[in-house]
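Colleague: Pasting input06.txt here (compact mmCIF, N, CA and C atoms):
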```txt
# COMPACT_ATOMS: atom_id res chain seq x y z
N MET A 4 43.15 43.26 -15.37
CA MET A 4 42.42 42.90 -14.16
C MET A 4 42.90 41.56 -13.64
N SER A 5 42.75 41.34 -12.36
CA SER A 5 43.21 40.10 -11.75
C SER A 5 42.44 38.90 -12.26
N ALA A 6 41.23 39.09 -12.79
CA ALA A 6 40.45 37.97 -13.29
C ALA A 6 41.16 37.28 -14.44
N ASP A 7 42.09 37.97 -15.08
CA ASP A 7 42.80 37.40 -16.20
C ASP A 7 44.06 36.66 -15.80
N ILE A 8 44.34 36.53 -14.52
CA ILE A 8 45.55 35.83 -14.12
C ILE A 8 45.26 34.37 -13.81
N VAL A 9 46.28 33.57 -13.99
CA VAL A 9 46.23 32.15 -13.65
C VAL A 9 47.16 31.95 -12.46
N ILE A 10 46.72 31.19 -11.49
CA ILE A 10 47.54 30.88 -10.33
C ILE A 10 48.22 29.54 -10.60
N ARG A 11 49.53 29.52 -10.42
CA ARG A 11 50.27 28.27 -10.60
C ARG A 11 51.40 28.20 -9.58
N ALA A 12 51.91 26.99 -9.39
CA ALA A 12 53.06 26.80 -8.51
C ALA A 12 54.30 27.34 -9.20
N ALA A 13 55.18 27.93 -8.42
CA ALA A 13 56.44 28.43 -8.95
C ALA A 13 57.36 27.26 -9.29
N THR A 14 58.32 27.54 -10.14
CA THR A 14 59.34 26.56 -10.49
C THR A 14 60.71 27.15 -10.18
N ALA A 15 61.73 26.34 -10.25
CA ALA A 15 63.09 26.83 -10.04
C ALA A 15 63.44 27.90 -11.06
N GLU A 16 62.92 27.78 -12.27
CA GLU A 16 63.20 28.74 -13.34
C GLU A 16 62.62 30.12 -13.06
N ASP A 17 61.62 30.21 -12.21
CA ASP A 17 60.98 31.48 -11.88
C ASP A 17 61.74 32.29 -10.84
N GLU A 18 62.73 31.69 -10.21
CA GLU A 18 63.38 32.29 -9.03
C GLU A 18 63.80 33.74 -9.23
N ASN A 19 64.58 34.04 -10.25
CA ASN A 19 65.09 35.41 -10.41
C ASN A 19 63.98 36.42 -10.63
N LEU A 20 62.97 36.06 -11.42
CA LEU A 20 61.86 36.99 -11.66
C LEU A 20 61.05 37.24 -10.38
N VAL A 21 60.83 36.19 -9.62
CA VAL A 21 60.06 36.33 -8.38
C VAL A 21 60.84 37.16 -7.36
N ILE A 22 62.11 36.90 -7.21
CA ILE A 22 62.90 37.68 -6.27
C ILE A 22 62.95 39.15 -6.72
N GLY A 23 63.01 39.38 -8.01
CA GLY A 23 62.94 40.75 -8.52
C GLY A 23 61.63 41.42 -8.12
N LEU A 24 60.51 40.68 -8.20
CA LEU A 24 59.22 41.22 -7.78
C LEU A 24 59.24 41.52 -6.29
N TRP A 25 59.79 40.62 -5.49
CA TRP A 25 59.87 40.85 -4.04
C TRP A 25 60.65 42.12 -3.75
N ARG A 26 61.72 42.33 -4.49
CA ARG A 26 62.55 43.52 -4.25
C ARG A 26 61.80 44.79 -4.63
N VAL A 27 61.15 44.77 -5.79
CA VAL A 27 60.37 45.94 -6.24
C VAL A 27 59.30 46.29 -5.22
N CYS A 28 58.74 45.28 -4.58
CA CYS A 28 57.68 45.50 -3.59
C CYS A 28 58.21 45.76 -2.18
N GLY A 29 59.52 45.82 -2.02
CA GLY A 29 60.11 46.13 -0.72
C GLY A 29 60.00 45.03 0.31
N LEU A 30 59.97 43.78 -0.12
CA LEU A 30 59.76 42.67 0.81
C LEU A 30 61.05 42.01 1.29
N THR A 31 62.17 42.38 0.73
CA THR A 31 63.42 41.75 1.15
C THR A 31 64.04 42.53 2.30
N ALA A 32 64.80 41.83 3.10
CA ALA A 32 65.48 42.45 4.24
C ALA A 32 66.93 41.99 4.23
N SER A 33 67.80 42.81 4.76
CA SER A 33 69.23 42.50 4.74
C SER A 33 69.57 41.20 5.46
N TYR A 34 68.76 40.82 6.43
CA TYR A 34 69.05 39.63 7.22
C TYR A 34 68.40 38.36 6.68
N ASN A 35 67.71 38.44 5.55
CA ASN A 35 67.13 37.26 4.91
C ASN A 35 67.67 37.18 3.49
N ASP A 36 68.10 36.01 3.10
CA ASP A 36 68.53 35.77 1.73
C ASP A 36 67.30 35.30 0.95
N PRO A 37 66.75 36.15 0.07
CA PRO A 37 65.52 35.76 -0.62
C PRO A 37 65.68 34.51 -1.49
N ALA A 38 66.86 34.30 -2.06
CA ALA A 38 67.08 33.09 -2.86
C ALA A 38 67.02 31.85 -1.98
N GLN A 39 67.61 31.94 -0.80
CA GLN A 39 67.55 30.81 0.13
C GLN A 39 66.11 30.56 0.57
N ASP A 40 65.38 31.64 0.88
CA ASP A 40 63.97 31.50 1.26
C ASP A 40 63.17 30.84 0.14
N TYR A 41 63.42 31.28 -1.09
CA TYR A 41 62.71 30.74 -2.25
C TYR A 41 62.95 29.24 -2.37
N ARG A 42 64.21 28.85 -2.32
CA ARG A 42 64.55 27.43 -2.50
C ARG A 42 64.05 26.58 -1.35
N LEU A 43 64.05 27.14 -0.16
CA LEU A 43 63.58 26.39 1.00
C LEU A 43 62.09 26.08 0.91
N ALA A 44 61.31 27.00 0.37
CA ALA A 44 59.85 26.83 0.33
C ALA A 44 59.34 26.16 -0.94
N LEU A 45 60.13 26.14 -1.98
CA LEU A 45 59.65 25.70 -3.30
C LEU A 45 59.24 24.24 -3.32
N GLY A 46 57.94 24.01 -3.50
CA GLY A 46 57.41 22.69 -3.77
C GLY A 46 57.67 21.61 -2.74
N LYS A 47 57.67 21.98 -1.48
CA LYS A 47 57.84 20.99 -0.42
C LYS A 47 56.45 20.50 0.01
N GLY A 48 56.43 19.46 0.80
CA GLY A 48 55.14 18.94 1.28
C GLY A 48 54.38 19.91 2.14
N ASN A 49 55.11 20.73 2.88
CA ASN A 49 54.43 21.67 3.78
C ASN A 49 54.63 23.13 3.38
N SER A 50 55.10 23.37 2.15
CA SER A 50 55.23 24.75 1.69
C SER A 50 55.22 24.82 0.17
N GLU A 51 54.90 26.01 -0.32
CA GLU A 51 54.83 26.23 -1.76
C GLU A 51 54.92 27.73 -2.02
N ILE A 52 55.34 28.07 -3.20
CA ILE A 52 55.28 29.44 -3.69
C ILE A 52 54.29 29.44 -4.84
N LEU A 53 53.27 30.27 -4.72
CA LEU A 53 52.25 30.37 -5.76
C LEU A 53 52.45 31.67 -6.51
N LEU A 54 52.21 31.62 -7.81
CA LEU A 54 52.38 32.79 -8.65
C LEU A 54 51.09 33.12 -9.38
N GLY A 55 50.85 34.41 -9.58
CA GLY A 55 49.79 34.88 -10.46
C GLY A 55 50.44 35.30 -11.76
N VAL A 56 50.00 34.70 -12.84
CA VAL A 56 50.63 34.94 -14.15
C VAL A 56 49.56 35.45 -15.10
N ASP A 57 49.88 36.53 -15.85
CA ASP A 57 48.91 37.09 -16.79
C ASP A 57 48.97 36.36 -18.13
N ALA A 58 48.16 36.79 -19.07
CA ALA A 58 48.05 36.12 -20.37
C ALA A 58 49.36 36.12 -21.15
N SER A 59 50.23 37.08 -20.90
CA SER A 59 51.52 37.11 -21.59
C SER A 59 52.61 36.39 -20.80
N ASN A 60 52.21 35.60 -19.79
CA ASN A 60 53.11 34.81 -18.95
C ASN A 60 54.00 35.68 -18.06
N HIS A 61 53.56 36.91 -17.80
CA HIS A 61 54.27 37.83 -16.90
C HIS A 61 53.82 37.56 -15.47
N ILE A 62 54.77 37.40 -14.55
CA ILE A 62 54.45 37.16 -13.15
C ILE A 62 53.99 38.48 -12.54
N VAL A 63 52.73 38.54 -12.13
CA VAL A 63 52.17 39.77 -11.56
C VAL A 63 51.91 39.67 -10.06
N GLY A 64 52.06 38.47 -9.50
CA GLY A 64 51.85 38.31 -8.07
C GLY A 64 52.52 37.05 -7.56
N SER A 65 52.82 37.06 -6.26
CA SER A 65 53.40 35.87 -5.64
C SER A 65 52.95 35.81 -4.19
N ILE A 66 53.01 34.60 -3.66
CA ILE A 66 52.78 34.39 -2.23
C ILE A 66 53.48 33.10 -1.84
N MET A 67 54.15 33.12 -0.72
CA MET A 67 54.76 31.93 -0.16
C MET A 67 53.82 31.45 0.93
N VAL A 68 53.53 30.16 0.94
CA VAL A 68 52.60 29.60 1.91
C VAL A 68 53.21 28.33 2.50
N GLY A 69 52.96 28.13 3.78
CA GLY A 69 53.45 26.92 4.42
C GLY A 69 52.69 26.67 5.70
N HIS A 70 52.98 25.54 6.33
CA HIS A 70 52.32 25.21 7.59
C HIS A 70 53.23 24.35 8.44
N ASP A 71 52.93 24.36 9.73
CA ASP A 71 53.69 23.55 10.68
C ASP A 71 52.85 22.36 11.17
N GLY A 72 51.75 22.07 10.47
CA GLY A 72 50.85 21.01 10.87
C GLY A 72 49.71 21.51 11.73
N HIS A 73 49.85 22.69 12.26
CA HIS A 73 48.82 23.28 13.13
C HIS A 73 48.28 24.58 12.56
N ARG A 74 49.18 25.49 12.21
CA ARG A 74 48.75 26.77 11.64
C ARG A 74 49.52 27.02 10.36
N GLY A 75 48.83 27.72 9.47
CA GLY A 75 49.45 28.10 8.21
C GLY A 75 50.06 29.49 8.32
N TRP A 76 51.02 29.73 7.45
CA TRP A 76 51.69 31.04 7.42
C TRP A 76 51.81 31.48 5.97
N ILE A 77 51.65 32.78 5.75
CA ILE A 77 51.91 33.33 4.43
C ILE A 77 53.00 34.38 4.53
N TYR A 78 53.81 34.43 3.49
CA TYR A 78 54.95 35.33 3.42
C TYR A 78 55.07 35.86 1.99
N TYR A 79 55.87 36.87 1.83
CA TYR A 79 56.23 37.38 0.51
C TYR A 79 55.00 37.58 -0.40
N VAL A 80 53.97 38.19 0.15
CA VAL A 80 52.80 38.54 -0.67
C VAL A 80 53.21 39.77 -1.49
N ALA A 81 53.34 39.58 -2.79
CA ALA A 81 53.83 40.65 -3.66
C ALA A 81 52.92 40.78 -4.87
N VAL A 82 52.67 42.02 -5.26
CA VAL A 82 51.90 42.30 -6.47
C VAL A 82 52.64 43.36 -7.26
N ASP A 83 52.81 43.08 -8.53
CA ASP A 83 53.44 44.05 -9.44
C ASP A 83 52.78 45.40 -9.21
N PRO A 84 53.56 46.46 -9.00
CA PRO A 84 52.96 47.77 -8.75
C PRO A 84 51.91 48.18 -9.78
N ALA A 85 52.06 47.77 -11.03
CA ALA A 85 51.07 48.09 -12.06
C ALA A 85 49.75 47.34 -11.86
N GLN A 86 49.76 46.28 -11.05
CA GLN A 86 48.55 45.48 -10.79
C GLN A 86 47.92 45.78 -9.43
N GLN A 87 48.57 46.58 -8.62
CA GLN A 87 48.05 46.84 -7.28
C GLN A 87 46.72 47.59 -7.37
N GLY A 88 45.81 47.19 -6.51
CA GLY A 88 44.48 47.81 -6.48
C GLY A 88 43.49 47.16 -7.42
N LEU A 89 43.89 46.10 -8.11
CA LEU A 89 43.01 45.43 -9.08
C LEU A 89 42.50 44.08 -8.59
N GLY A 90 42.82 43.71 -7.35
CA GLY A 90 42.36 42.44 -6.81
C GLY A 90 43.37 41.31 -6.88
N THR A 91 44.54 41.58 -7.41
CA THR A 91 45.55 40.53 -7.54
C THR A 91 46.02 40.04 -6.18
N GLY A 92 46.26 40.94 -5.24
CA GLY A 92 46.68 40.54 -3.90
C GLY A 92 45.64 39.67 -3.23
N ARG A 93 44.39 40.05 -3.36
CA ARG A 93 43.29 39.26 -2.81
C ARG A 93 43.28 37.86 -3.42
N ARG A 94 43.49 37.78 -4.73
CA ARG A 94 43.53 36.46 -5.41
C ARG A 94 44.69 35.62 -4.90
N MET A 95 45.84 36.24 -4.68
CA MET A 95 47.00 35.50 -4.21
C MET A 95 46.75 34.95 -2.80
N VAL A 96 46.21 35.78 -1.92
CA VAL A 96 45.91 35.33 -0.55
C VAL A 96 44.87 34.23 -0.58
N SER A 97 43.85 34.38 -1.40
CA SER A 97 42.81 33.35 -1.52
C SER A 97 43.40 32.03 -2.00
N ALA A 98 44.32 32.07 -2.95
CA ALA A 98 44.95 30.85 -3.45
C ALA A 98 45.75 30.16 -2.34
N ALA A 99 46.45 30.96 -1.52
CA ALA A 99 47.21 30.38 -0.41
C ALA A 99 46.26 29.78 0.63
N GLU A 100 45.16 30.47 0.91
CA GLU A 100 44.18 29.93 1.86
C GLU A 100 43.61 28.61 1.35
N HIS A 101 43.33 28.53 0.08
CA HIS A 101 42.81 27.29 -0.52
C HIS A 101 43.86 26.18 -0.39
N TRP A 102 45.12 26.50 -0.66
CA TRP A 102 46.21 25.54 -0.54
C TRP A 102 46.23 24.97 0.89
N LEU A 103 46.08 25.84 1.89
CA LEU A 103 46.07 25.40 3.28
C LEU A 103 44.83 24.58 3.60
N GLU A 104 43.67 25.01 3.13
CA GLU A 104 42.43 24.28 3.39
C GLU A 104 42.51 22.86 2.83
N GLU A 105 43.13 22.70 1.66
CA GLU A 105 43.30 21.36 1.08
C GLU A 105 44.12 20.44 1.98
N ARG A 106 44.91 21.01 2.86
CA ARG A 106 45.75 20.26 3.78
C ARG A 106 45.18 20.25 5.20
N ASN A 107 43.91 20.64 5.32
CA ASN A 107 43.19 20.66 6.60
C ASN A 107 43.84 21.55 7.65
N ILE A 108 44.45 22.62 7.22
CA ILE A 108 45.00 23.61 8.14
C ILE A 108 43.90 24.64 8.37
N VAL A 109 43.53 24.86 9.62
CA VAL A 109 42.33 25.63 9.93
C VAL A 109 42.56 27.12 10.16
N LYS A 110 43.82 27.54 10.27
CA LYS A 110 44.08 28.94 10.58
C LYS A 110 45.30 29.40 9.79
N VAL A 111 45.26 30.65 9.34
CA VAL A 111 46.42 31.21 8.64
C VAL A 111 46.90 32.45 9.39
N MET A 112 48.20 32.59 9.45
CA MET A 112 48.84 33.67 10.18
C MET A 112 49.76 34.43 9.24
N LEU A 113 50.07 35.66 9.61
CA LEU A 113 51.08 36.42 8.89
C LEU A 113 51.66 37.46 9.82
N LEU A 114 52.84 37.90 9.50
CA LEU A 114 53.50 38.96 10.25
C LEU A 114 53.69 40.14 9.31
N VAL A 115 53.53 41.34 9.84
CA VAL A 115 53.77 42.56 9.08
C VAL A 115 54.85 43.34 9.81
N ARG A 116 55.91 43.66 9.10
CA ARG A 116 56.94 44.50 9.72
C ARG A 116 56.34 45.86 10.07
N GLU A 117 56.79 46.43 11.17
CA GLU A 117 56.24 47.72 11.58
C GLU A 117 56.51 48.81 10.56
N THR A 118 57.50 48.60 9.68
CA THR A 118 57.79 49.58 8.63
C THR A 118 56.90 49.39 7.41
N ASN A 119 56.04 48.39 7.41
CA ASN A 119 55.19 48.09 6.25
C ASN A 119 53.71 48.20 6.62
N THR A 120 53.37 49.20 7.41
CA THR A 120 52.00 49.31 7.92
C THR A 120 50.98 49.63 6.84
N LYS A 121 51.41 50.08 5.67
CA LYS A 121 50.43 50.39 4.61
C LYS A 121 49.62 49.17 4.20
N VAL A 122 50.15 47.95 4.43
CA VAL A 122 49.41 46.76 4.03
C VAL A 122 48.43 46.29 5.09
N VAL A 123 48.51 46.83 6.29
CA VAL A 123 47.62 46.37 7.36
C VAL A 123 46.16 46.56 6.97
N GLU A 124 45.81 47.69 6.40
CA GLU A 124 44.41 47.93 6.00
C GLU A 124 43.97 46.92 4.93
N PHE A 125 44.86 46.58 4.00
CA PHE A 125 44.54 45.54 3.01
C PHE A 125 44.17 44.24 3.70
N TYR A 126 44.99 43.81 4.65
CA TYR A 126 44.71 42.55 5.34
C TYR A 126 43.43 42.65 6.17
N ASN A 127 43.18 43.79 6.78
CA ASN A 127 41.92 43.97 7.51
C ASN A 127 40.72 43.80 6.57
N ARG A 128 40.81 44.38 5.38
CA ARG A 128 39.69 44.30 4.42
C ARG A 128 39.40 42.88 3.97
N ILE A 129 40.41 42.01 3.98
CA ILE A 129 40.16 40.64 3.52
C ILE A 129 40.00 39.65 4.68
N GLY A 130 39.73 40.18 5.87
CA GLY A 130 39.32 39.34 6.98
C GLY A 130 40.37 39.01 8.03
N PHE A 131 41.57 39.52 7.90
CA PHE A 131 42.58 39.30 8.93
C PHE A 131 42.35 40.27 10.07
N GLU A 132 42.79 39.89 11.25
CA GLU A 132 42.67 40.76 12.40
C GLU A 132 43.95 40.68 13.23
N ALA A 133 44.28 41.78 13.86
CA ALA A 133 45.42 41.79 14.78
C ALA A 133 45.05 40.98 16.00
N ILE A 134 46.00 40.22 16.52
CA ILE A 134 45.74 39.40 17.70
C ILE A 134 46.71 39.80 18.81
N PRO A 135 46.25 39.70 20.05
CA PRO A 135 47.12 40.07 21.17
C PRO A 135 48.13 38.96 21.45
N ARG A 136 49.33 39.13 20.93
CA ARG A 136 50.40 38.17 21.13
C ARG A 136 51.70 38.93 21.33
N VAL A 137 52.61 38.32 22.00
CA VAL A 137 53.96 38.84 22.10
C VAL A 137 54.82 37.98 21.19
N VAL A 138 55.44 38.60 20.22
CA VAL A 138 56.32 37.88 19.32
C VAL A 138 57.73 38.07 19.83
N MET A 139 58.42 36.98 20.02
CA MET A 139 59.77 37.04 20.55
C MET A 139 60.73 36.36 19.58
N GLN A 140 61.97 36.76 19.64
CA GLN A 140 62.97 36.14 18.78
C GLN A 140 64.29 36.05 19.51
N LYS A 141 65.13 35.18 18.97
CA LYS A 141 66.49 35.05 19.46
C LYS A 141 67.34 34.72 18.24
N TRP A 142 68.33 35.54 17.98
CA TRP A 142 69.23 35.28 16.86
C TRP A 142 70.16 34.14 17.23
N LEU A 143 70.16 33.09 16.44
CA LEU A 143 71.09 31.99 16.63
C LEU A 143 72.39 32.24 15.90
N ILE A 144 72.29 32.96 14.82
CA ILE A 144 73.45 33.42 14.05
C ILE A 144 73.20 34.89 13.81
N GLU A 145 74.10 35.72 14.25
CA GLU A 145 73.93 37.16 14.09
C GLU A 145 73.85 37.53 12.61
N PRO A 146 72.88 38.34 12.23
CA PRO A 146 72.76 38.75 10.82
C PRO A 146 73.94 39.64 10.42
N SER A 147 74.29 39.54 9.16
CA SER A 147 75.38 40.40 8.67
C SER A 147 74.90 41.84 8.61
N GLN A 148 75.79 42.75 8.68
CA GLN A 148 75.47 44.17 8.66
C GLN A 148 75.52 44.75 7.25
N SER A 149 75.24 43.92 6.24
CA SER A 149 75.31 44.40 4.85
C SER A 149 74.15 45.26 4.46
```
If you convert what's in this file into C-alpha cells, what do you get?
Modeller:
Amino acid sequence: MSADIVIRAATAEDENLVIGLWRVCGLTASYNDPAQDYRLALGKGNSEILLGVDASNHIVGSIMVGHDGHRGWIYYVAVDPAQQGLGTGRRMVSAAEHWLEERNIVKVMLLVRETNTKVVEFYNRIGFEAIPRVVMQKWLIEPSQS
C-alpha cells in the first residue's frame, strides 16, 4: 500500500532507475531526452524530482515539480504498474503540491498528451480540472526523427 512509502528527493544516483520507471509508464517521448530532463530538474531552487520509495528501497513512484515564480508545474508522474490503484499516484501529487505550497506557489498546472487520456480521470478525481486555454508551441530546434 502507498501508506508504506517514504517520499524523498531524488539523487543523481537514482537517475537510471527513475528513467526506467518513466519508460515503463510510457512517459518518454522521442523529442525529449529523459536524462537531460532529469538532470535539469534535479535539486534546483525552483525544481525537484520527488520519489516514493517502499520499505525495500524500491522506487515505486516519481514526480517532477517546478515553478516559474507564478505557477507550479508537475511532470513525469509515474507509478510502478504493480502499485497503480493503491494511492501512490495521489501521494506523489500531494507531495509535489506540498513542495509548491512551501514556496508560496498558489496554483499547479499539468499537461496531458492527447495519447495519454487514461490519466485524465485520475487527475479529475484528485481535484484537477480542464481549463479553456490554447496551448501553442514553436520548435526552436527541430526534434530528431528517431
Colleague: Atom C of Leu114 in chain A and CA of Gly29 in chain A, how far apart in Å?
Modeller: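 About the pair CA of Gly29 in chain A and atom C of Leu114 in chain A: they are 13.3 Å apart.
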Colleague: Would you list the contacts of Ala12 in chain A as a CSV table (one decimal) with N, CA and C atoms, keeping the file's coordinate frame, taking every protein, DNA or RNA residue within 8 Å and counting all atoms listed in the file, but skipping same-chain residues closer than 4 positions in sequence?
Modeller:
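Generated file (part_10.csv):
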```
chain,number,residue,atom,x,y,z
A,46,GLY,N,57.9,24.0,-3.5
A,46,GLY,CA,57.4,22.7,-3.8
A,46,GLY,C,57.7,21.6,-2.7
A,51,GLU,N,54.9,26.0,-0.3
A,51,GLU,CA,54.8,26.2,-1.8
A,51,GLU,C,54.9,27.7,-2.0
A,52,ILE,N,55.3,28.1,-3.2
A,52,ILE,CA,55.3,29.4,-3.7
A,52,ILE,C,54.3,29.4,-4.8
A,53,LEU,N,53.3,30.3,-4.7
A,53,LEU,CA,52.2,30.4,-5.8
A,53,LEU,C,52.4,31.7,-6.5
A,54,LEU,N,52.2,31.6,-7.8
A,54,LEU,CA,52.4,32.8,-8.6
A,54,LEU,C,51.1,33.1,-9.4
A,55,GLY,N,50.8,34.4,-9.6
A,55,GLY,CA,49.8,34.9,-10.5
A,55,GLY,C,50.4,35.3,-11.8
```
Colleague: With distances taken over all atoms listed in the file, which residue among A:Ala133, A:Val80, A:Val123, A:Leu20 lies nearest Gly92 in chain A?
Modeller: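 Counting all atoms listed in the file, the residue closest to Gly92 in chain A is A:Val80.
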Colleague: Could you give me, as a list of chain:residue names, the residues that have an atom at most 7 Å away from the point (54.8, 35.2, 5.6) in the coordinates of the file, using only C-alpha atoms?
Modeller: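 Result, sorted by chain then residue number: A:Met67, A:Trp76, A:Ile77, A:Tyr78, A:Tyr79, A:Leu113, A:Leu114.
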Colleague: When you count only C-alpha atoms, which of these residues is closest to Gly69 in chain A: A:Trp142, A:Tyr126, A:Trp102, A:Tyr41?
Modeller: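 Distance minimum relative to Gly69 in chain A lands on A:Trp102.
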Colleague: I'd like the interatomic distance between CA of Gln87 in chain A and CA of Arg26 in chain A, to a tenth of an Å.
Modeller: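 These two atoms are separated by 15.2 Å.
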Colleague: Pick out each residue of range 4-55 of chain A that DSSP on the backbone tags as strand (DSSP E); I need them as a ChimeraX atom specification.
Modeller: /A:9-12,50-55
Colleague: Can you tell me how far atom N of Pro84 in chain A sits from CA of Ala44 in chain A, in Å to one decimal?
Modeller: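 Interatomic distance, atom N of Pro84 in chain A to CA of Ala44 in chain A: 22.6 Å.
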Colleague: Quick one: pick out all helix (DSSP H, G or I) residues within range 22-82 of chain A from a backbone DSSP run and write them as a list in words.
Modeller: Ile22, Gly23, Leu24, Trp25, Arg26, Val27, Pro37, Ala38, Gln39, Asp40, Tyr41, Arg42, Leu43 and Ala44 of chain A
Colleague: Measuring between only N, CA and C atoms, which one of A:Asn35, A:Asp71, A:Glu16, A:Gly64 shows the shortest distance to Thr91 in chain A?
Modeller: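 Among the listed residues, A:Gly64 lies closest to Thr91 in chain A.
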Colleague: May I ask which of the residues A:Val138, A:His70, A:Lys47, A:Gly90 is the closest one to Val109 in chain A, counting only C-alpha atoms?
Modeller: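 For Val109 in chain A, the nearest of the candidates is A:His70.
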Colleague: Check the smallest atom-to-atom distance from each of A:Leu89, A:Leu103, A:Val111, A:Ile62 to Val21 in chain A using all atoms listed in the file, then report the winner.
Modeller: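 Using all atoms listed in the file, Val21 in chain A sits closest to A:Ile62.
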Colleague: For a quick check of your reading of the model, name the residues lying within 5 Å of the coordinate (45.1, 36.0, -17.4), counting only N, CA and C atoms, and write them as a PyMOL selection string.
Modeller: chain A and resi 7-9+57-58
